[in-house]
Structures are given as C-alpha cells and as structure tokens.
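S.K.: Next up, coords34.cif (mmCIF, C-alpha atoms).
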data_coords
loop_
_atom_site.group_PDB
_atom_site.id
_atom_site.type_symbol
_atom_site.label_atom_id
_atom_site.label_comp_id
_atom_site.auth_asym_id
_atom_site.auth_seq_id
_atom_site.Cartn_x
_atom_site.Cartn_y
_atom_site.Cartn_z
ATOM 1 C CA MET W 172 -35.648 26.482 -3.430
ATOM 2 C CA SER W 173 -38.071 26.917 -6.332
ATOM 3 C CA PRO W 174 -40.857 24.325 -6.790
ATOM 4 C CA PRO W 175 -39.311 22.876 -10.015
ATOM 5 C CA HIS W 176 -35.933 22.430 -8.299
ATOM 6 C CA LEU W 177 -37.592 20.940 -5.225
ATOM 7 C CA ALA W 178 -39.404 18.493 -7.501
ATOM 8 C CA LEU W 179 -36.075 17.669 -9.164
ATOM 9 C CA ILE W 180 -34.300 16.853 -5.915
ATOM 10 C CA LEU W 181 -37.243 14.729 -4.781
ATOM 11 C CA PHE W 182 -37.068 12.847 -8.075
ATOM 12 C CA ILE W 183 -33.312 12.369 -7.631
ATOM 13 C CA THR W 184 -33.823 10.878 -4.162
ATOM 14 C CA LEU W 185 -36.421 8.544 -5.661
ATOM 15 C CA VAL W 186 -33.931 7.463 -8.343
ATOM 16 C CA TRP W 187 -31.193 6.920 -5.764
ATOM 17 C CA GLY W 188 -33.583 5.080 -3.455
ATOM 18 C CA PHE W 189 -34.538 2.586 -6.146
ATOM 19 C CA ASN W 190 -30.839 2.059 -6.860
ATOM 20 C CA TYR W 191 -30.638 -0.302 -3.876
ATOM 21 C CA VAL W 192 -33.316 -2.532 -5.372
ATOM 22 C CA ALA W 193 -31.773 -2.393 -8.854
ATOM 23 C CA GLY W 194 -28.311 -3.102 -7.460
ATOM 24 C CA LYS W 195 -29.618 -6.046 -5.437
ATOM 25 C CA ALA W 196 -31.270 -7.469 -8.555
ATOM 26 C CA GLY W 197 -27.951 -7.163 -10.389
ATOM 27 C CA VAL W 198 -25.704 -8.757 -7.766
ATOM 28 C CA ASN W 199 -28.200 -11.596 -7.291
ATOM 29 C CA GLU W 200 -27.331 -12.721 -10.821
ATOM 30 C CA LEU W 201 -23.846 -11.295 -11.430
ATOM 31 C CA PRO W 202 -20.772 -11.462 -9.161
ATOM 32 C CA PRO W 203 -20.536 -8.079 -7.383
ATOM 33 C CA ILE W 204 -17.067 -7.064 -8.631
ATOM 34 C CA LEU W 205 -18.049 -8.053 -12.176
ATOM 35 C CA PHE W 206 -21.289 -6.104 -11.750
ATOM 36 C CA THR W 207 -19.331 -3.016 -10.696
ATOM 37 C CA GLY W 208 -16.886 -3.411 -13.574
ATOM 38 C CA LEU W 209 -19.706 -3.711 -16.110
ATOM 39 C CA ARG W 210 -21.326 -0.588 -14.695
ATOM 40 C CA PHE W 211 -18.185 1.490 -15.113
ATOM 41 C CA PHE W 212 -17.323 -0.011 -18.493
ATOM 42 C CA LEU W 213 -20.704 1.008 -19.933
ATOM 43 C CA LEU W 214 -20.527 4.386 -18.206
ATOM 44 C CA SER W 215 -17.073 5.023 -19.689
ATOM 45 C CA LEU W 216 -18.452 4.374 -23.182
ATOM 46 C CA VAL W 217 -21.299 6.837 -22.644
ATOM 47 C CA LEU W 218 -19.062 9.554 -21.175
ATOM 48 C CA LEU W 219 -16.018 9.077 -23.395
ATOM 49 C CA PRO W 220 -16.648 12.402 -25.232
ATOM 50 C CA PHE W 221 -16.362 14.252 -21.904
ATOM 51 C CA LEU W 222 -12.835 13.106 -21.068
ATOM 52 C CA LYS W 223 -10.588 16.089 -20.510
ATOM 53 C CA TRP W 224 -7.042 16.207 -19.167
ATOM 54 C CA HIS W 225 -6.747 18.496 -16.146
ATOM 55 C CA ARG W 226 -3.142 19.510 -15.689
ATOM 56 C CA GLY W 227 -1.990 19.347 -12.083
ATOM 57 C CA GLN W 228 -5.148 17.586 -10.907
ATOM 58 C CA MET W 229 -4.870 14.147 -12.477
ATOM 59 C CA GLY W 230 -3.283 12.665 -9.348
ATOM 60 C CA ALA W 231 -6.287 13.677 -7.270
ATOM 61 C CA ILE W 232 -8.659 12.467 -9.998
ATOM 62 C CA ALA W 233 -6.898 9.072 -10.019
ATOM 63 C CA ILE W 234 -7.263 8.748 -6.238
ATOM 64 C CA ILE W 235 -10.935 9.731 -6.458
ATOM 65 C CA SER W 236 -11.441 7.197 -9.244
ATOM 66 C CA MET W 237 -10.042 4.368 -7.150
ATOM 67 C CA THR W 238 -11.707 5.306 -3.871
ATOM 68 C CA MET W 239 -15.092 6.653 -4.938
ATOM 69 C CA GLY W 240 -15.094 4.476 -8.059
ATOM 70 C CA GLY W 241 -13.662 0.980 -8.217
ATOM 71 C CA VAL W 242 -12.850 0.200 -4.583
ATOM 72 C CA HIS W 243 -15.831 1.922 -2.958
ATOM 73 C CA PHE W 244 -18.478 0.452 -5.211
ATOM 74 C CA ALA W 245 -16.880 -2.992 -5.417
ATOM 75 C CA ILE W 246 -16.984 -3.260 -1.622
ATOM 76 C CA PHE W 247 -20.475 -1.748 -1.515
ATOM 77 C CA TYR W 248 -21.907 -4.247 -3.983
ATOM 78 C CA MET W 249 -20.134 -7.104 -2.203
ATOM 79 C CA GLY W 250 -21.946 -5.973 0.944
ATOM 80 C CA LEU W 251 -25.231 -5.672 -0.932
ATOM 81 C CA ALA W 252 -24.788 -9.199 -2.303
ATOM 82 C CA ALA W 253 -24.092 -10.568 1.191
ATOM 83 C CA ALA W 254 -27.076 -8.810 2.802
ATOM 84 C CA HIS W 255 -30.542 -10.308 2.898
ATOM 85 C CA ASP W 256 -32.275 -6.933 3.130
ATOM 86 C CA VAL W 257 -31.485 -3.660 1.352
ATOM 87 C CA SER W 258 -33.135 -1.452 3.980
ATOM 88 C CA THR W 259 -30.316 -1.606 6.525
ATOM 89 C CA ILE W 260 -27.773 -1.241 3.715
ATOM 90 C CA ALA W 261 -29.491 1.942 2.545
ATOM 91 C CA ILE W 262 -29.187 3.410 6.042
ATOM 92 C CA ALA W 263 -25.621 2.262 6.783
ATOM 93 C CA GLY W 264 -24.429 3.660 3.453
ATOM 94 C CA GLN W 265 -25.131 7.167 4.751
ATOM 95 C CA LEU W 266 -22.151 6.931 7.091
ATOM 96 C CA GLY W 267 -20.053 8.383 4.277
ATOM 97 C CA VAL W 268 -21.103 11.874 5.440
ATOM 98 C CA PRO W 269 -19.846 11.602 9.051
ATOM 99 C CA PHE W 270 -16.779 9.673 7.853
ATOM 100 C CA ALA W 271 -15.973 12.516 5.449
ATOM 101 C CA THR W 272 -16.327 15.027 8.269
ATOM 102 C CA ILE W 273 -13.884 13.060 10.420
ATOM 103 C CA MET W 274 -11.488 12.902 7.459
ATOM 104 C CA SER W 275 -11.797 16.665 7.080
ATOM 105 C CA ILE W 276 -10.850 17.149 10.710
ATOM 106 C CA ILE W 277 -7.791 14.910 10.379
ATOM 107 C CA PHE W 278 -6.457 15.928 6.978
ATOM 108 C CA LEU W 279 -7.896 19.380 6.300
ATOM 109 C CA LYS W 280 -7.738 20.618 9.902
ATOM 110 C CA GLU W 281 -11.357 21.728 9.777
ATOM 111 C CA LYS W 282 -12.924 22.819 13.044
ATOM 112 C CA VAL W 283 -16.048 20.979 14.135
ATOM 113 C CA HIS W 284 -18.270 22.236 16.933
ATOM 114 C CA TRP W 285 -20.342 20.206 19.337
ATOM 115 C CA LYS W 286 -23.455 19.988 17.130
ATOM 116 C CA ARG W 287 -21.632 18.153 14.354
ATOM 117 C CA TRP W 288 -19.860 15.943 16.892
ATOM 118 C CA ALA W 289 -23.289 15.087 18.294
ATOM 119 C CA GLY W 290 -24.473 14.270 14.772
ATOM 120 C CA ILE W 291 -21.448 12.064 14.123
ATOM 121 C CA SER W 292 -21.974 10.227 17.412
ATOM 122 C CA ALA W 293 -25.678 9.717 16.700
ATOM 123 C CA SER W 294 -24.932 8.365 13.209
ATOM 124 C CA PHE W 295 -22.630 5.653 14.477
ATOM 125 C CA ALA W 296 -24.818 4.895 17.499
ATOM 126 C CA GLY W 297 -27.802 4.329 15.233
ATOM 127 C CA VAL W 298 -25.885 1.884 13.025
ATOM 128 C CA MET W 299 -24.646 0.055 16.128
ATOM 129 C CA ILE W 300 -28.257 -0.348 17.265
ATOM 130 C CA ILE W 301 -29.116 -1.783 13.852
ATOM 131 C CA GLY W 302 -26.078 -4.082 13.923
ATOM 132 C CA PHE W 303 -27.181 -5.724 17.165
ATOM 133 C CA ASP W 304 -30.585 -6.649 15.788
ATOM 134 C CA PRO W 305 -30.964 -10.471 15.529
ATOM 135 C CA VAL W 306 -32.232 -10.117 11.961
ATOM 136 C CA VAL W 307 -29.122 -8.189 10.904
ATOM 137 C CA PHE W 308 -26.843 -10.700 12.653
ATOM 138 C CA GLN W 309 -27.738 -13.086 9.829
ATOM 139 C CA TYR W 310 -25.920 -10.856 7.329
ATOM 140 C CA LEU W 311 -23.578 -8.846 9.570
ATOM 141 C CA LYS W 312 -20.774 -9.305 7.018
ATOM 142 C CA GLY W 313 -22.810 -7.371 4.447
ATOM 143 C CA LEU W 314 -23.396 -4.505 6.881
ATOM 144 C CA ILE W 315 -19.700 -4.325 7.769
ATOM 145 C CA LEU W 316 -18.707 -4.254 4.092
ATOM 146 C CA VAL W 317 -21.088 -1.368 3.380
ATOM 147 C CA ILE W 318 -19.692 0.593 6.328
ATOM 148 C CA LEU W 319 -16.181 -0.074 4.998
ATOM 149 C CA ALA W 320 -17.304 1.139 1.560
ATOM 150 C CA ALA W 321 -18.594 4.360 3.149
ATOM 151 C CA LEU W 322 -15.204 4.859 4.816
ATOM 152 C CA VAL W 323 -13.331 4.371 1.532
ATOM 153 C CA GLY W 324 -15.719 6.684 -0.308
ATOM 154 C CA SER W 325 -15.166 9.415 2.281
ATOM 155 C CA VAL W 326 -11.503 9.578 1.248
ATOM 156 C CA ALA W 327 -12.618 10.546 -2.258
ATOM 157 C CA MET W 328 -14.829 13.305 -0.875
ATOM 158 C CA ILE W 329 -11.770 14.935 0.703
ATOM 159 C CA TYR W 330 -9.942 14.975 -2.634
ATOM 160 C CA MET W 331 -13.062 16.196 -4.435
ATOM 161 C CA ARG W 332 -12.917 19.347 -2.335
ATOM 162 C CA ARG W 333 -9.518 20.135 -3.851
ATOM 163 C CA LEU W 334 -10.615 19.915 -7.490
ATOM 164 C CA GLU W 335 -11.076 23.099 -9.465
ATOM 165 C CA ASN W 336 -13.049 23.549 -12.692
ATOM 166 C CA VAL W 337 -13.714 19.835 -13.177
ATOM 167 C CA GLY W 338 -17.235 19.178 -14.475
ATOM 168 C CA MET W 339 -19.381 16.350 -13.130
ATOM 169 C CA PHE W 340 -19.469 14.538 -16.493
ATOM 170 C CA GLU W 341 -15.689 14.919 -16.780
ATOM 171 C CA LEU W 342 -15.096 13.525 -13.299
ATOM 172 C CA GLN W 343 -17.523 10.640 -13.824
ATOM 173 C CA ALA W 344 -15.857 9.847 -17.140
ATOM 174 C CA TRP W 345 -12.441 9.545 -15.472
ATOM 175 C CA ILE W 346 -13.844 7.530 -12.567
ATOM 176 C CA ALA W 347 -15.444 5.075 -14.982
ATOM 177 C CA LEU W 348 -12.445 4.842 -17.323
ATOM 178 C CA LEU W 349 -9.921 4.280 -14.530
ATOM 179 C CA SER W 350 -12.104 1.886 -12.532
ATOM 180 C CA TRP W 351 -13.144 -0.916 -14.853
ATOM 181 C CA PRO W 352 -9.598 -1.882 -15.997
ATOM 182 C CA VAL W 353 -8.785 -2.495 -12.317
ATOM 183 C CA LEU W 354 -12.051 -4.274 -11.551
ATOM 184 C CA ALA W 355 -11.825 -6.671 -14.515
ATOM 185 C CA PRO W 356 -8.651 -8.502 -13.376
ATOM 186 C CA LEU W 357 -9.812 -8.229 -9.748
ATOM 187 C CA SER W 358 -12.991 -10.080 -10.685
ATOM 188 C CA LEU W 359 -10.926 -12.770 -12.440
ATOM 189 C CA LEU W 360 -8.826 -13.234 -9.312
ATOM 190 C CA MET W 361 -11.597 -13.184 -6.704
ATOM 191 C CA GLU W 362 -14.671 -14.466 -8.532
ATOM 192 C CA ASP W 363 -15.589 -17.264 -10.897
ATOM 193 C CA GLY W 364 -18.314 -18.180 -13.341
ATOM 194 C CA GLN W 365 -18.394 -14.731 -14.939
ATOM 195 C CA ILE W 366 -19.147 -15.925 -18.480
ATOM 196 C CA ALA W 367 -21.909 -18.230 -17.294
ATOM 197 C CA ALA W 368 -23.390 -15.508 -15.089
ATOM 198 C CA MET W 369 -23.490 -12.993 -17.937
ATOM 199 C CA SER W 370 -24.981 -15.494 -20.397
ATOM 200 C CA GLN W 371 -27.637 -16.634 -17.914
ATOM 201 C CA ALA W 372 -28.492 -13.239 -16.435
ATOM 202 C CA SER W 373 -32.099 -12.217 -16.943
ATOM 203 C CA TRP W 374 -33.500 -8.815 -17.882
ATOM 204 C CA SER W 375 -33.607 -8.103 -14.141
ATOM 205 C CA GLY W 376 -29.857 -8.631 -13.702
ATOM 206 C CA TRP W 377 -28.876 -6.623 -16.771
ATOM 207 C CA GLY W 378 -31.523 -4.054 -15.924
ATOM 208 C CA GLY W 379 -29.725 -3.523 -12.614
ATOM 209 C CA VAL W 380 -26.506 -2.746 -14.473
ATOM 210 C CA LEU W 381 -28.195 -0.337 -16.874
ATOM 211 C CA TYR W 382 -30.098 1.379 -14.087
ATOM 212 C CA THR W 383 -26.912 2.162 -12.152
ATOM 213 C CA VAL W 384 -25.459 3.672 -15.336
ATOM 214 C CA LEU W 385 -28.422 5.661 -16.649
ATOM 215 C CA GLY W 386 -30.425 6.321 -13.508
ATOM 216 C CA THR W 387 -27.980 6.552 -10.631
ATOM 217 C CA SER W 388 -24.946 8.014 -12.411
ATOM 218 C CA LEU W 389 -26.250 10.064 -15.318
ATOM 219 C CA ILE W 390 -29.604 11.282 -13.986
ATOM 220 C CA GLY W 391 -28.970 11.278 -10.242
ATOM 221 C CA HIS W 392 -25.429 12.630 -10.001
ATOM 222 C CA THR W 393 -25.820 15.063 -12.877
ATOM 223 C CA GLY W 394 -29.068 16.439 -11.484
ATOM 224 C CA MET W 395 -27.527 16.911 -8.055
ATOM 225 C CA TYR W 396 -24.502 18.669 -9.549
ATOM 226 C CA TYR W 397 -26.900 21.007 -11.363
ATOM 227 C CA LEU W 398 -28.617 21.861 -8.075
ATOM 228 C CA LEU W 399 -25.364 22.298 -6.166
ATOM 229 C CA GLN W 400 -24.368 24.968 -8.661
ATOM 230 C CA ARG W 401 -27.476 26.943 -7.664
ATOM 231 C CA TYR W 402 -28.023 26.229 -3.978
ATOM 232 C CA GLU W 403 -25.954 25.878 -0.832
ATOM 233 C CA VAL W 404 -25.151 22.346 0.287
ATOM 234 C CA THR W 405 -26.967 23.111 3.535
ATOM 235 C CA GLN W 406 -30.174 23.413 1.494
ATOM 236 C CA THR W 407 -29.729 20.302 -0.635
ATOM 237 C CA ALA W 408 -27.872 17.791 1.553
ATOM 238 C CA PRO W 409 -30.614 17.245 4.170
ATOM 239 C CA LEU W 410 -33.143 16.515 1.417
ATOM 240 C CA THR W 411 -30.915 13.786 -0.024
ATOM 241 C CA LEU W 412 -31.602 11.796 3.147
ATOM 242 C CA LEU W 413 -34.907 10.898 1.523
ATOM 243 C CA SER W 414 -32.968 8.461 -0.689
ATOM 244 C CA PRO W 415 -32.363 5.888 2.094
ATOM 245 C CA VAL W 416 -35.971 6.388 3.198
ATOM 246 C CA TRP W 417 -37.074 5.495 -0.330
ATOM 247 C CA GLY W 418 -34.606 2.600 -0.203
ATOM 248 C CA VAL W 419 -36.309 1.257 2.923
ATOM 249 C CA ILE W 420 -39.773 1.717 1.416
ATOM 250 C CA PHE W 421 -38.786 -0.060 -1.799
ATOM 251 C CA GLY W 422 -37.006 -2.794 0.161
ATOM 252 C CA VAL W 423 -40.088 -3.521 2.261
ATOM 253 C CA THR W 424 -42.700 -3.232 -0.497
ATOM 254 C CA LEU W 425 -40.822 -4.789 -3.411
ATOM 255 C CA LEU W 426 -38.355 -7.193 -1.782
ATOM 256 C CA GLY W 427 -40.160 -8.074 1.432
ATOM 257 C CA ASP W 428 -37.437 -6.769 3.755
ATOM 258 C CA THR W 429 -37.898 -7.490 7.454
ATOM 259 C CA ILE W 430 -38.144 -4.314 9.514
ATOM 260 C CA THR W 431 -37.972 -4.645 13.305
ATOM 261 C CA PRO W 432 -38.469 -1.909 15.946
ATOM 262 C CA ARG W 433 -34.718 -1.939 16.621
ATOM 263 C CA ILE W 434 -33.954 -1.324 12.932
ATOM 264 C CA ILE W 435 -36.499 1.511 12.835
ATOM 265 C CA ILE W 436 -35.092 3.169 15.969
ATOM 266 C CA GLY W 437 -31.497 2.741 14.802
ATOM 267 C CA GLY W 438 -32.352 4.013 11.341
ATOM 268 C CA VAL W 439 -34.083 7.126 12.650
ATOM 269 C CA ILE W 440 -31.160 7.924 14.973
ATOM 270 C CA THR W 441 -28.666 7.418 12.139
ATOM 271 C CA LEU W 442 -30.533 9.643 9.700
ATOM 272 C CA ILE W 443 -31.015 12.373 12.314
ATOM 273 C CA GLY W 444 -27.280 12.283 12.996
ATOM 274 C CA VAL W 445 -26.403 12.442 9.308
ATOM 275 C CA ALA W 446 -28.901 15.284 8.839
ATOM 276 C CA ILE W 447 -27.176 17.307 11.561
ATOM 277 C CA VAL W 448 -23.764 16.721 9.992
ATOM 278 C CA SER W 449 -24.811 17.306 6.384
ATOM 279 C CA SER W 450 -26.866 20.409 7.164
ATOM 280 C CA ARG W 451 -23.663 22.013 8.424
ATOM 281 C CA GLN W 452 -21.463 20.655 5.622
ATOM 282 C CA LYS W 453 -19.782 23.196 3.353
ATOM 283 C CA ALA W 454 -18.559 20.696 0.773
ATOM 284 C CA LEU W 455 -20.118 18.566 -1.927
ATOM 285 C CA VAL W 456 -22.039 15.657 -0.469
ATOM 286 C CA ASP W 457 -22.477 12.599 -2.681
ATOM 287 C CA THR W 458 -25.195 10.170 -1.587
ATOM 288 C CA GLY W 459 -24.130 7.903 -4.349
ATOM 289 C CA GLY W 460 -24.975 4.307 -5.081
#
Give the structure from the file, written as structure tokens.
M.R.:
Amino acid sequence: MSPPHLALILFITLVWGFNYVAGKAGVNELPPILFTGLRFFLLSLVLLPFLKWHRGQMGAIAIISMTMGGVHFAIFYMGLAAAHDVSTIAIAGQLGVPFATIMSIIFLKEKVHWKRWAGISASFAGVMIIGFDPVVFQYLKGLILVILAALVGSVAMIYMRRLENVGMFELQAWIALLSWPVLAPLSLLMEDGQIAAMSQASWSGWGGVLYTVLGTSLIGHTGMYYLLQRYEVTQTAPLTLLSPVWGVIFGVTLLGDTITPRIIIGGVITLIGVAIVSSRQKALVDTGG
C-alpha cells in the first residue's frame, strides 16, 4: 500500500473512531431512533442525485437498507444510549465481521478452515470476558443491543456480496432513502419528547448528527470504498481495526471511560480474533458506525 493510501486509511479509522464519541453526544440529547432517522434523512438529501434504479437488484438493496441501515443503526444507537462508556461498545461492534462469516457459512456455503474458526471463537470469548466485568454489568443492556446490531448488520453484508455494479454513493443513497421513512413512525411509537429534544438540543447534539452524515458516511465509507477498489480486503480490513482502538482512546480521554484490566484483556482478545477473521475475508468489510 502506497504511503498516501496508508495515510488515507489511517485517517478513515480516526474518523470512524471519533464516531463513537459523536454518536454518544447525539443520543445523549436526542432519542436514539430519532437520531438515526435524522442521520438518514439528511444523508438522503445529500445523496439524492446519486439514486439509480438497479433492475433485478432492488430486492437485495431493500434488504440491505433495512438491515445495515434502519434496523442495524437504530439498535446500535439504542445500545450506545444505554451504555455508560463507549469503549466497550466500540469493541463489541466489531463482532459484525465474525457474524458475517458465520452467515456466509450458513447461507453461502463458504468453507472456513480452523484459523478463521479460531478467530471467531476468540472474538466472542473476548466480548464474554468484557461482559462479565462489574463495570459493564451496569450497562449490560447496552452491550447486548450493540451485539444484536452487529448480528443484524451481518445479514446486510451477505446481500452486499451479491450486488453487481452498484456504487457506494448509490447504495448509501438507497439505504438512507429507505431507512428514515421507517424510522420516523418507529420513533413516534417507541419514543416521546422528540420536538422538545430537537428544540433543546445543543450544538453538541446536532453536531453528532452532522458528523455521522459527513464524517462517518460520506468521508469514511466513501474513502474505504475507494481503497477497496485498489487493494485486496486482506490488506485493508486488518487496518480498520484501528477504529475501535481510536474509539477506546477517545472514550477514555474525552469522555472519561472506565477501563479495567478485564476490559483490556477482553478487548485485545476480541480484536485479535476479528483480525484473524478479517485478514482472511474475501468480501467487503464495513466497520461502519
């Protein structure tokens, strides 16, 4: 990988890592489903010119939009809102990679050898170690929701493998456009005080929304798509594991997250496991956020 491209992927991981802090700032002031809906509404406005009908693939795009888009991120931000710390959330969110591998085995009949099975086992073992930490017990619901979000998002990754000639901007445009009309009524049913929250939200809360649109989606995902067109996933995917590391660093330094030895050990084991799986992945890996 050339130095400019290496610098780009490092910058992308930095952008994705800060996403956890920005997202936490947003859901602290806005209900999480509303927050997710606002993100996709604004993103759909930005990407409206990129909408393109793909004959024979719209069913898969719709499923991706609901799983990777509305449902995945709604659950993720609900978990982020319920969690006290973003560090453990940043680590647990990486389970999407081993989940996607398991989905590939079940639905695509892919063959997985012992090294990837070892990586999958290590990933889940590490998160289990984190989950039994007394600090994490205080917000175990948030951790469980983020793991569930990773599982839902892995379904989308299976369908993404089947898409042909669909650009990243085009896919993001459809995800955004099909997500927010579902999230808006869902927020009305499950949340309250939306108008008051939006009127009282500070620059920090609205900044969280804008950051997920401009930073995470447009800069992060587009930059990664650019790199994936030039390099094998086995070269890029392991480097994306820097994003949860940045998430932990930002969580500790900016939000005062509590990091215990058990969380450190569990986090290291999880990331090593995900690195083993992702370094042998042949498909697009989306670290998301």
S.K.: Could you list, as a short mmCIF file (atom, residue, chain, number, x, y, z; two decimals) with C-alpha atoms, keeping the file's coordinate frame, every residue matched by the PyMOL selection byres ((chain W and resi 272-289) around 8) in this structure?
M.R.:
data_model
loop_
_atom_site.label_atom_id
_atom_site.label_comp_id
_atom_site.auth_asym_id
_atom_site.auth_seq_id
_atom_site.Cartn_x
_atom_site.Cartn_y
_atom_site.Cartn_z
CA VAL W 268 -21.10 11.87 5.44
CA PRO W 269 -19.85 11.60 9.05
CA PHE W 270 -16.78 9.67 7.85
CA ALA W 271 -15.97 12.52 5.45
CA GLY W 290 -24.47 14.27 14.77
CA ILE W 291 -21.45 12.06 14.12
CA SER W 292 -21.97 10.23 17.41
CA ALA W 293 -25.68 9.72 16.70
CA SER W 325 -15.17 9.41 2.28
CA VAL W 326 -11.50 9.58 1.25
CA ILE W 329 -11.77 14.94 0.70
CA GLY W 444 -27.28 12.28 13.00
CA ILE W 447 -27.18 17.31 11.56
CA VAL W 448 -23.76 16.72 9.99
CA ARG W 451 -23.66 22.01 8.42
#
S.K.: Could you check which residues have any atom within 12 Å of (-32.0, 5.0, 0.0), counting only C-alpha atoms with coordinates taken straight from the file, and then list them as JSON, numbers by chain?
M.R.: {"W": [183, 184, 185, 186, 187, 188, 189, 190, 191, 192, 193, 194, 257, 258, 259, 260, 261, 262, 263, 264, 265, 387, 410, 411, 412, 413, 414, 415, 416, 417, 418, 419, 420, 421, 422, 423, 438, 442, 458, 459, 460]}
S.K.: Give me, as a ChimeraX atom specification, all polymer residues having an atom no more than 12 Å from Asn199 (chain W), counting only C-alpha atoms and skipping those fewer than 6 positions away in the same chain.
M.R.: /W:192-193,205-206,248-255,368-369,371-373,375-380
S.K.: Those same residues, written as an mmCIF file, keeping the file's coordinate frame with C-alpha atoms?
M.R.:
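Saved result, result26.cif, follows:
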data_model
loop_
_atom_site.group_PDB
_atom_site.id
_atom_site.type_symbol
_atom_site.label_atom_id
_atom_site.label_comp_id
_atom_site.auth_asym_id
_atom_site.auth_seq_id
_atom_site.Cartn_x
_atom_site.Cartn_y
_atom_site.Cartn_z
ATOM 1 C CA VAL W 192 -33.316 -2.532 -5.372
ATOM 2 C CA ALA W 193 -31.773 -2.393 -8.854
ATOM 3 C CA LEU W 205 -18.049 -8.053 -12.176
ATOM 4 C CA PHE W 206 -21.289 -6.104 -11.750
ATOM 5 C CA TYR W 248 -21.907 -4.247 -3.983
ATOM 6 C CA MET W 249 -20.134 -7.104 -2.203
ATOM 7 C CA GLY W 250 -21.946 -5.973 0.944
ATOM 8 C CA LEU W 251 -25.231 -5.672 -0.932
ATOM 9 C CA ALA W 252 -24.788 -9.199 -2.303
ATOM 10 C CA ALA W 253 -24.092 -10.568 1.191
ATOM 11 C CA ALA W 254 -27.076 -8.810 2.802
ATOM 12 C CA HIS W 255 -30.542 -10.308 2.898
ATOM 13 C CA ALA W 368 -23.390 -15.508 -15.089
ATOM 14 C CA MET W 369 -23.490 -12.993 -17.937
ATOM 15 C CA GLN W 371 -27.637 -16.634 -17.914
ATOM 16 C CA ALA W 372 -28.492 -13.239 -16.435
ATOM 17 C CA SER W 373 -32.099 -12.217 -16.943
ATOM 18 C CA SER W 375 -33.607 -8.103 -14.141
ATOM 19 C CA GLY W 376 -29.857 -8.631 -13.702
ATOM 20 C CA TRP W 377 -28.876 -6.623 -16.771
ATOM 21 C CA GLY W 378 -31.523 -4.054 -15.924
ATOM 22 C CA GLY W 379 -29.725 -3.523 -12.614
ATOM 23 C CA VAL W 380 -26.506 -2.746 -14.473
#
S.K.: Applied to this file, what does the PyMOL selection byres ((chain W and resi 214) around 12) return in terms of residues, put as a ChimeraX atom specification?
M.R.: /W:207-213,215-222,240,340-351,380-389
S.K.: Of the candidates W:Ile246, W:Met239, W:Leu426, W:Met361, which one gets nearest to Ala327 (chain W) if we count only C-alpha atoms?
M.R.: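 Closest to Ala327 (chain W), using only C-alpha atoms: W:Met239.
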S.K.: Name the closest residue to Ala231 (chain W) among the candidates W:Ile390, W:Asp363, W:Met328, W:Ile443; distances are taken between atoms, counting all atoms listed in the file.
M.R.: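 So, comparing all the options, the nearest one is W:Met328.
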S.K.: Starting from 6 Å padding per side, set up an axis-aligned box that covers all listed atoms of region 319-337 of chain W and hand over centre and edge lengths in Å, one decimal, as AutoDock Vina command-line options.
M.R.:
--center_x -14.1 --center_y 11.7 --center_z -4.1 --size_x 21.1 --size_y 35.6 --size_z 30.2
S.K.: Quick one: residues within 9 Å of Val298 (chain W), all atoms listed in the file counted, chain neighbours fewer than 2 positions away excluded, as a list of chain:residue names?
M.R.: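 Residues near the query, excluding close chain neighbours: W:Thr259, W:Ile262, W:Ala263, W:Leu266, W:Ala293, W:Ser294, W:Phe295, W:Ala296, W:Ile300, W:Ile301, W:Gly302, W:Phe303, W:Ile434, W:Gly437, W:Gly438, W:Ile440, W:Thr441.
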